[in-house]
>>> print(open('work-v2.pdb').read())   # PDB, C-alpha atoms
ATOM      1  CA  MET C   1     203.873 131.561 146.380
ATOM      2  CA  ARG C   2     203.782 134.868 148.259
ATOM      3  CA  THR C   3     202.113 136.642 145.318
ATOM      4  CA  ARG C   4     199.581 133.817 145.038
ATOM      5  CA  ILE C   5     198.690 134.071 148.739
ATOM      6  CA  ILE C   6     198.391 137.874 148.684
ATOM      7  CA  SER C   7     196.157 138.007 145.607
ATOM      8  CA  GLY C   8     194.095 135.098 146.939
ATOM      9  CA  THR C   9     193.610 136.906 150.258
ATOM     10  CA  ILE C  10     192.499 140.097 148.510
ATOM     11  CA  ALA C  11     190.042 138.108 146.384
ATOM     12  CA  ALA C  12     188.690 136.398 149.519
ATOM     13  CA  ILE C  13     188.102 139.773 151.203
ATOM     14  CA  ILE C  14     186.267 141.111 148.143
ATOM     15  CA  LEU C  15     184.160 137.945 148.027
ATOM     16  CA  PHE C  16     183.283 138.263 151.724
ATOM     17  CA  VAL C  17     182.164 141.869 151.258
ATOM     18  CA  ILE C  18     180.031 140.998 148.236
ATOM     19  CA  MET C  19     178.395 138.144 150.135
ATOM     20  CA  GLN C  20     177.237 140.567 152.827
ATOM     21  CA  LEU C  21     175.334 142.628 150.250
ATOM     22  CA  PRO C  22     171.725 141.934 149.190
ATOM     23  CA  PRO C  23     171.252 139.042 146.726
ATOM     24  CA  PHE C  24     170.619 141.575 143.956
ATOM     25  CA  MET C  25     174.193 142.834 144.281
ATOM     26  CA  LEU C  26     175.528 139.281 144.208
ATOM     27  CA  GLY C  27     173.644 138.821 140.937
ATOM     28  CA  VAL C  28     175.312 141.941 139.539
ATOM     29  CA  ALA C  29     178.724 140.761 140.766
ATOM     30  CA  VAL C  30     178.221 137.316 139.210
ATOM     31  CA  PHE C  31     177.302 138.998 135.916
ATOM     32  CA  ILE C  32     180.487 141.089 135.999
ATOM     33  CA  VAL C  33     182.627 138.049 136.809
ATOM     34  CA  SER C  34     180.866 136.114 134.056
ATOM     35  CA  SER C  35     181.550 138.862 131.509
ATOM     36  CA  ILE C  36     185.251 139.014 132.366
ATOM     37  CA  ALA C  37     185.599 135.219 132.287
ATOM     38  CA  LEU C  38     183.719 135.014 128.976
ATOM     39  CA  TYR C  39     186.056 137.653 127.540
ATOM     40  CA  GLU C  40     189.075 135.601 128.703
ATOM     41  CA  PHE C  41     187.618 132.455 127.149
ATOM     42  CA  TYR C  42     186.923 134.103 123.796
ATOM     43  CA  GLN C  43     190.376 135.679 123.784
ATOM     44  CA  CYS C  44     192.105 132.385 124.494
ATOM     45  CA  VAL C  45     190.356 130.430 121.729
ATOM     46  CA  ARG C  46     191.290 133.135 119.229
ATOM     47  CA  ARG C  47     194.897 131.971 119.652
ATOM     48  CA  GLU C  48     193.921 128.721 117.941
ATOM     49  CA  ASN C  49     192.343 130.609 115.005
ATOM     50  CA  TYR C  50     188.800 130.340 116.302
ATOM     51  CA  ASN C  51     186.842 133.532 115.810
ATOM     52  CA  PRO C  52     183.946 133.603 118.309
ATOM     53  CA  ILE C  53     181.084 135.947 117.502
ATOM     54  CA  ARG C  54     181.610 137.944 120.655
ATOM     55  CA  THR C  55     178.828 140.470 120.122
ATOM     56  CA  ILE C  56     176.205 137.720 120.182
ATOM     57  CA  GLY C  57     177.929 135.969 123.081
ATOM     58  CA  PHE C  58     178.039 139.016 125.340
ATOM     59  CA  PHE C  59     174.554 140.190 124.345
ATOM     60  CA  THR C  60     173.044 136.775 125.091
ATOM     61  CA  SER C  61     174.827 136.651 128.451
ATOM     62  CA  THR C  62     173.562 140.128 129.369
ATOM     63  CA  VAL C  63     169.954 139.325 128.506
ATOM     64  CA  TYR C  64     170.166 136.056 130.428
ATOM     65  CA  PHE C  65     171.338 137.789 133.605
ATOM     66  CA  LEU C  66     168.763 140.549 133.226
ATOM     67  CA  TYR C  67     166.149 137.821 133.098
ATOM     68  CA  LEU C  68     167.525 135.999 136.163
ATOM     69  CA  ILE C  69     167.981 139.068 138.335
ATOM     70  CA  GLY C  70     164.634 140.523 137.252
ATOM     71  CA  SER C  71     162.761 137.270 137.941
ATOM     72  CA  ALA C  72     164.133 137.232 141.479
ATOM     73  CA  TYR C  73     162.721 140.674 142.270
ATOM     74  CA  ILE C  74     159.602 140.831 140.139
ATOM     75  CA  ASP C  75     157.291 140.608 143.168
ATOM     76  CA  GLU C  76     159.086 143.434 144.960
ATOM     77  CA  ILE C  77     158.446 145.872 142.102
ATOM     78  CA  SER C  78     154.815 144.893 141.653
ATOM     79  CA  GLY C  79     152.644 147.684 140.264
ATOM     80  CA  THR C  80     155.593 149.713 138.972
ATOM     81  CA  PHE C  81     156.736 150.608 135.473
ATOM     82  CA  LEU C  82     159.724 148.253 135.855
ATOM     83  CA  ASN C  83     157.369 145.397 136.642
ATOM     84  CA  ASP C  84     155.332 146.093 133.507
ATOM     85  CA  LEU C  85     158.518 146.422 131.451
ATOM     86  CA  TYR C  86     159.896 143.138 132.739
ATOM     87  CA  ARG C  87     156.653 141.250 132.135
ATOM     88  CA  THR C  88     156.511 142.670 128.607
ATOM     89  CA  PHE C  89     160.025 141.719 127.559
ATOM     90  CA  PHE C  90     160.479 138.507 129.526
ATOM     91  CA  ARG C  91     157.255 136.654 128.868
ATOM     92  CA  GLN C  92     157.766 132.978 128.116
ATOM     93  CA  ASP C  93     156.992 133.409 124.425
ATOM     94  CA  ILE C  94     159.427 136.336 124.233
ATOM     95  CA  ILE C  95     162.152 134.174 125.811
ATOM     96  CA  TYR C  96     161.557 131.489 123.208
ATOM     97  CA  LEU C  97     161.630 134.159 120.499
ATOM     98  CA  PHE C  98     164.942 135.476 121.818
ATOM     99  CA  ILE C  99     166.508 131.988 121.791
ATOM    100  CA  TYR C 100     165.224 131.502 118.244
ATOM    101  CA  ILE C 101     166.717 134.827 117.107
ATOM    102  CA  VAL C 102     170.097 134.061 118.697
ATOM    103  CA  ILE C 103     170.301 130.666 116.988
ATOM    104  CA  VAL C 104     169.241 132.107 113.622
ATOM    105  CA  CYS C 105     171.670 135.025 113.886
ATOM    106  CA  LEU C 106     174.531 132.671 114.674
ATOM    107  CA  LEU C 107     173.776 130.403 111.740
ATOM    108  CA  LEU C 108     173.280 133.312 109.368
ATOM    109  CA  GLN C 109     176.892 134.282 110.011
ATOM    110  CA  LEU C 110     177.725 131.226 107.906
ATOM    111  CA  VAL C 111     175.574 132.599 105.085
ATOM    112  CA  PHE C 112     176.311 136.303 104.973
ATOM    113  CA  ARG C 113     179.691 136.460 106.713
ATOM    114  CA  HIS C 114     181.160 133.136 105.642
ATOM    115  CA  ARG C 115     184.490 134.728 104.756
ATOM    116  CA  ARG C 116     184.972 135.705 108.393
ATOM    117  CA  PHE C 117     183.111 133.024 110.395
ATOM    118  CA  ASN C 118     182.823 129.255 110.019
ATOM    119  CA  LEU C 119     180.967 126.465 111.810
ATOM    120  CA  LYS C 120     183.676 126.138 114.473
ATOM    121  CA  ASP C 121     183.297 129.824 115.325
ATOM    122  CA  VAL C 122     179.556 129.390 115.842
ATOM    123  CA  ALA C 123     180.183 126.307 118.010
ATOM    124  CA  VAL C 124     182.800 127.987 120.204
ATOM    125  CA  THR C 125     180.506 131.008 120.652
ATOM    126  CA  LEU C 126     177.742 128.755 121.977
ATOM    127  CA  LEU C 127     180.209 126.825 124.132
ATOM    128  CA  GLY C 128     181.334 130.046 125.799
ATOM    129  CA  ILE C 129     177.721 130.998 126.629
ATOM    130  CA  ALA C 130     176.901 127.564 128.042
ATOM    131  CA  TYR C 131     180.202 127.104 129.859
ATOM    132  CA  ILE C 132     180.451 130.432 131.673
ATOM    133  CA  PRO C 133     177.269 132.559 132.021
ATOM    134  CA  PHE C 134     174.940 129.575 132.314
ATOM    135  CA  LEU C 135     177.012 127.528 134.764
ATOM    136  CA  ILE C 136     178.113 130.426 136.976
ATOM    137  CA  SER C 137     174.526 131.696 137.272
ATOM    138  CA  PHE C 138     173.784 128.774 139.596
ATOM    139  CA  ILE C 139     175.680 130.472 142.428
ATOM    140  CA  PHE C 140     173.101 133.257 142.190
ATOM    141  CA  LEU C 141     170.260 130.720 142.028
ATOM    142  CA  VAL C 142     171.589 129.064 145.190
ATOM    143  CA  ARG C 143     171.688 132.477 146.875
ATOM    144  CA  LEU C 144     168.008 132.965 146.068
ATOM    145  CA  MET C 145     167.014 129.763 147.864
ATOM    146  CA  GLU C 146     165.669 129.720 151.396
ATOM    147  CA  ASN C 147     168.740 130.138 153.633
ATOM    148  CA  GLY C 148     170.578 130.984 150.423
ATOM    149  CA  TYR C 149     173.291 132.973 152.221
ATOM    150  CA  GLU C 150     174.469 129.920 154.136
ATOM    151  CA  LEU C 151     174.072 127.597 151.149
ATOM    152  CA  SER C 152     176.122 129.957 148.960
ATOM    153  CA  TRP C 153     178.946 129.782 151.455
ATOM    154  CA  LEU C 154     178.639 126.004 151.356
ATOM    155  CA  VAL C 155     179.265 126.097 147.599
ATOM    156  CA  ILE C 156     182.235 128.425 148.002
ATOM    157  CA  ILE C 157     183.814 126.505 150.884
ATOM    158  CA  ALA C 158     183.395 123.147 149.144
ATOM    159  CA  THR C 159     184.960 124.523 145.958
ATOM    160  CA  PHE C 160     187.944 126.360 147.331
ATOM    161  CA  SER C 161     188.747 123.847 150.086
ATOM    162  CA  THR C 162     189.110 121.281 147.297
ATOM    163  CA  ASP C 163     191.433 123.585 145.358
ATOM    164  CA  ILE C 164     193.539 124.492 148.391
ATOM    165  CA  PHE C 165     193.890 120.965 149.802
ATOM    166  CA  ALA C 166     194.563 119.507 146.345
ATOM    167  CA  TYR C 167     197.265 122.117 145.705
ATOM    168  CA  PHE C 168     199.175 121.701 148.968
ATOM    169  CA  THR C 169     198.732 117.928 149.236
ATOM    170  CA  GLY C 170     199.974 117.543 145.681
ATOM    171  CA  LYS C 171     202.839 119.964 146.265
ATOM    172  CA  PHE C 172     204.212 118.159 149.320
ATOM    173  CA  PHE C 173     203.165 114.550 148.776
ATOM    174  CA  GLY C 174     202.349 114.194 145.098
ATOM    175  CA  LYS C 175     204.440 111.800 143.044
ATOM    176  CA  ARG C 176     202.183 109.763 140.785
ATOM    177  CA  LYS C 177     200.648 111.817 137.981
ATOM    178  CA  LEU C 178     196.867 111.832 137.693
ATOM    179  CA  VAL C 179     196.099 113.322 134.262
ATOM    180  CA  PRO C 180     199.549 113.962 132.756
ATOM    181  CA  ASP C 181     198.275 114.546 129.227
ATOM    182  CA  ILE C 182     195.943 117.311 130.417
ATOM    183  CA  SER C 183     197.651 118.810 133.465
ATOM    184  CA  PRO C 184     201.115 117.460 134.325
ATOM    185  CA  ASN C 185     201.103 119.023 137.809
ATOM    186  CA  LYS C 186     198.000 117.130 138.979
ATOM    187  CA  THR C 187     198.818 114.120 141.168
ATOM    188  CA  VAL C 188     196.894 111.242 142.720
ATOM    189  CA  ALA C 189     197.807 112.504 146.190
ATOM    190  CA  GLY C 190     196.513 115.954 145.294
ATOM    191  CA  GLY C 191     193.255 114.503 144.001
ATOM    192  CA  ILE C 192     192.702 112.480 147.175
ATOM    193  CA  GLY C 193     193.708 115.427 149.348
ATOM    194  CA  GLY C 194     191.249 117.693 147.542
ATOM    195  CA  ILE C 195     188.349 115.298 148.148
ATOM    196  CA  ALA C 196     189.342 114.793 151.788
ATOM    197  CA  GLY C 197     189.643 118.541 152.325
ATOM    198  CA  SER C 198     186.232 119.139 150.796
ATOM    199  CA  ILE C 199     184.622 116.498 153.024
ATOM    200  CA  VAL C 200     186.214 117.877 156.191
ATOM    201  CA  CYS C 201     185.551 121.567 155.480
ATOM    202  CA  THR C 202     182.027 121.061 154.161
ATOM    203  CA  THR C 203     181.022 118.857 157.098
ATOM    204  CA  LEU C 204     182.577 121.150 159.701
ATOM    205  CA  PHE C 205     180.913 124.197 158.156
ATOM    206  CA  GLY C 206     177.578 122.386 158.197
ATOM    207  CA  ILE C 207     177.850 121.231 161.796
ATOM    208  CA  LEU C 208     179.510 124.269 163.371
ATOM    209  CA  TYR C 209     177.736 127.015 161.449
ATOM    210  CA  MET C 210     174.722 125.986 159.401
ATOM    211  CA  ASN C 211     173.149 123.581 161.877
ATOM    212  CA  THR C 212     174.058 125.828 164.808
ATOM    213  CA  PHE C 213     173.394 129.402 163.739
ATOM    214  CA  SER C 214     170.971 129.147 160.809
ATOM    215  CA  ALA C 215     167.324 128.144 160.677
ATOM    216  CA  LEU C 216     168.198 125.354 158.253
ATOM    217  CA  ILE C 217     169.002 121.993 159.793
ATOM    218  CA  ILE C 218     170.465 119.426 157.410
ATOM    219  CA  GLU C 219     171.404 115.847 158.280
ATOM    220  CA  ILE C 220     175.160 115.470 158.646
ATOM    221  CA  TYR C 221     175.369 112.739 156.013
ATOM    222  CA  HIS C 222     174.220 115.289 153.396
ATOM    223  CA  TYR C 223     177.257 117.450 154.163
ATOM    224  CA  MET C 224     179.529 114.435 153.809
ATOM    225  CA  ILE C 225     177.946 113.438 150.501
ATOM    226  CA  LEU C 226     178.237 117.018 149.250
ATOM    227  CA  GLY C 227     181.868 117.026 150.340
ATOM    228  CA  VAL C 228     182.619 113.947 148.238
ATOM    229  CA  LEU C 229     180.523 115.201 145.322
ATOM    230  CA  CYS C 230     182.087 118.675 145.294
ATOM    231  CA  GLY C 231     185.589 117.315 145.869
ATOM    232  CA  ILE C 232     185.292 115.230 142.706
ATOM    233  CA  ILE C 233     183.345 117.682 140.554
ATOM    234  CA  ALA C 234     185.564 120.655 141.470
ATOM    235  CA  GLN C 235     188.580 118.777 140.156
ATOM    236  CA  LEU C 236     186.721 117.756 137.012
ATOM    237  CA  GLY C 237     186.010 121.458 136.421
ATOM    238  CA  ASP C 238     189.691 122.236 136.880
ATOM    239  CA  TRP C 239     190.688 119.477 134.456
ATOM    240  CA  ALA C 240     188.152 120.665 131.878
ATOM    241  CA  ALA C 241     189.636 124.167 131.991
ATOM    242  CA  SER C 242     193.142 122.686 131.751
ATOM    243  CA  ALA C 243     192.069 120.708 128.689
ATOM    244  CA  ILE C 244     190.822 123.892 127.025
ATOM    245  CA  LYS C 245     194.093 125.684 127.778
ATOM    246  CA  ARG C 246     196.147 122.751 126.506
ATOM    247  CA  ASN C 247     194.116 122.711 123.291
ATOM    248  CA  VAL C 248     194.896 126.356 122.607
ATOM    249  CA  GLY C 249     198.457 126.247 123.932
ATOM    250  CA  ILE C 250     198.299 128.621 126.902
ATOM    251  CA  LYS C 251     199.156 128.302 130.608
ATOM    252  CA  ASP C 252     196.570 130.738 131.996
ATOM    253  CA  PHE C 253     193.392 132.342 130.707
ATOM    254  CA  GLY C 254     194.614 135.804 131.727
ATOM    255  CA  HIS C 255     196.634 137.804 134.237
ATOM    256  CA  ILE C 256     194.013 139.650 136.267
ATOM    257  CA  MET C 257     194.969 137.741 139.444
ATOM    258  CA  PRO C 258     198.746 137.644 140.005
ATOM    259  CA  GLY C 259     199.867 134.136 140.918
ATOM    260  CA  HIS C 260     196.543 132.635 139.828
ATOM    261  CA  GLY C 261     196.210 133.740 136.202
ATOM    262  CA  GLY C 262     192.892 134.879 134.853
ATOM    263  CA  LEU C 263     189.548 135.084 136.565
ATOM    264  CA  LEU C 264     188.432 131.976 134.684
ATOM    265  CA  ASP C 265     191.415 130.116 136.145
ATOM    266  CA  ARG C 266     190.091 130.950 139.613
ATOM    267  CA  ILE C 267     186.446 130.004 139.042
ATOM    268  CA  ASP C 268     186.824 126.962 136.774
ATOM    269  CA  SER C 269     185.974 124.583 139.630
ATOM    270  CA  LEU C 270     183.088 126.761 140.817
ATOM    271  CA  LEU C 271     181.470 126.530 137.377
ATOM    272  CA  PHE C 272     181.001 122.788 137.876
ATOM    273  CA  VAL C 273     180.277 122.793 141.616
ATOM    274  CA  ALA C 274     177.532 125.452 141.850
ATOM    275  CA  PRO C 275     175.066 123.607 139.549
ATOM    276  CA  ALA C 276     175.820 120.279 141.268
ATOM    277  CA  VAL C 277     175.052 121.693 144.724
ATOM    278  CA  TYR C 278     171.945 123.462 143.407
ATOM    279  CA  PHE C 279     170.478 120.261 141.975
ATOM    280  CA  TYR C 280     171.496 118.160 144.986
ATOM    281  CA  ILE C 281     169.686 120.581 147.292
ATOM    282  CA  LYS C 282     166.631 120.659 145.023
ATOM    283  CA  PHE C 283     166.401 116.873 144.625
ATOM    284  CA  PHE C 284     167.506 115.560 148.040
ATOM    285  CA  ILE C 285     167.125 118.315 150.684
ATOM    286  CA  PHE C 286     164.293 120.712 149.811
TER     287      PHE C 286
END
>>> encode(input="work-v2.pdb", output="structure tokens")
Amino acid sequence: MRTRIISGTIAAIILFVIMQLPPFMLGVAVFIVSSIALYEFYQCVRRENYNPIRTIGFFTSTVYFLYLIGSAYIDEISGTFLNDLYRTFFRQDIIYLFIYIVIVCLLLQLVFRHRRFNLKDVAVTLLGIAYIPFLISFIFLVRLMENGYELSWLVIIATFSTDIFAYFTGKFFGKRKLVPDISPNKTVAGGIGGIAGSIVCTTLFGILYMNTFSALIIEIYHYMILGVLCGIIAQLGDWAASAIKRNVGIKDFGHIMPGHGGLLDRIDSLLFVAPAVYFYIKFFIF
């Protein structure tokens, strides 16, 4: 427990520092986190004799983040060589061409490298790209919104309050198992506690900080809805990661965070929550 708290505190401090930096640096940090988590995912599935085509996975992820970060700052570099370079390589038709090439290259592994790769390897390569780089990029997209700094904290608070309340509620009050076949330690009490914690923390953050100190005023019922939504979705993200680990027979994705496991173990809930908050804001608030 002590190790878990210490490493969690250090991670929280690093996160706070990164959040104070310009959005560009958050984009870079998200890319780094994504790369490490994707590496952990590909390493874990190799234990079950899957052989992801990692070169294509990492290259696709890198190009995707270059596109996202560049698109956010294209107006600020107007009239420069970088602007011309970006508009040359990231035109819409070029993006479609890139997607086409990635798909073809993956499938051609089955033709020219069939002794090494099979259809499952191609599928798990694509799953890694969709599961980690794509989903985690939404935290950067939220940061780029109007009042994105505050909204990014909303995502983070909703996610980790769910994790923390679910963990301690389950630890002290949990008896009835929730998803025993996937994660034996998850309990009904923990699930309810996680949702309740998300509602309370999200609503308090909205009332005491966002509606008080930011230029963005959101109706309180939106915070409560987001609390329920994130409390449920965060746990679904955790269960999905647990299902992957159970399928490949491991406890943690890695060991980069003592007491927590791998980086993917720490962000599994965030991968599901960030897109949900992004789309809720887009559809119901802005």
>>> atom_distance(input="work-v2.pdb", atom1="CA of Tyr39 (chain C)", atom2="CA of Val122 (chain C)")
15.7 Å
>>> atom_distance(input="work-v2.pdb", atom1="CA of Lys282 (chain C)", atom2="CA of Leu135 (chain C)")
16.1 Å
>>> resolve_selection(input="work-v2.pdb", expression="the PyMOL selection byres ((chain C and resi 63-69) around 7)", output="ChimeraX atom specification")
/C:24,27,31,59-62,70-73,90
>>> residues_near_point(input="work-v2.pdb", point="(187.9, 130.2, 134.6)", cutoff="10 Å", atoms="all atoms listed in the file", output="PyMOL selection string")
chain C and resi 33-34+36-38+40-41+131-132+237-238+240-242+252-254+261-271
>>> resolve_selection(input="work-v2.pdb", expression="the PyMOL selection byres ((chain C and resi 273) around 7)", output="list in words")
Val155, Thr159, Cys230, Ile233, Ala234, Ser269, Leu270, Leu271, Phe272, Ala274, Pro275, Ala276 and Val277 of chain C
>>> closest_residue(input="work-v2.pdb", among="C:Arg46, C:His222, C:Arg113, C:Arg4", to="Ile285 (chain C)", atoms="all atoms listed in the file")
C:His222
>>> atom_distance(input="work-v2.pdb", atom1="CA of Thr202 (chain C)", atom2="CA of Leu151 (chain C)")
10.7 Å
>>> closest_residue(input="work-v2.pdb", among="C:Leu141, C:Ile157, C:Ile199, C:Ile192", to="Gly174 (chain C)", atoms="all atoms listed in the file")
C:Ile192
>>> residues_around(input="work-v2.pdb", residues="Ile74 (chain C)", least_positions_apart="6", cutoff="9 Å", atoms="all atoms listed in the file", output="JSON list (two decimals) with C-alpha atoms, in the frame of the given file")
[["chain", "number", "residue", "atom", "x", "y", "z"],
["C", 82, "LEU", "CA", 159.72, 148.25, 135.85],
["C", 83, "ASN", "CA", 157.37, 145.40, 136.64],
["C", 86, "TYR", "CA", 159.90, 143.14, 132.74],
["C", 87, "ARG", "CA", 156.65, 141.25, 132.14]]
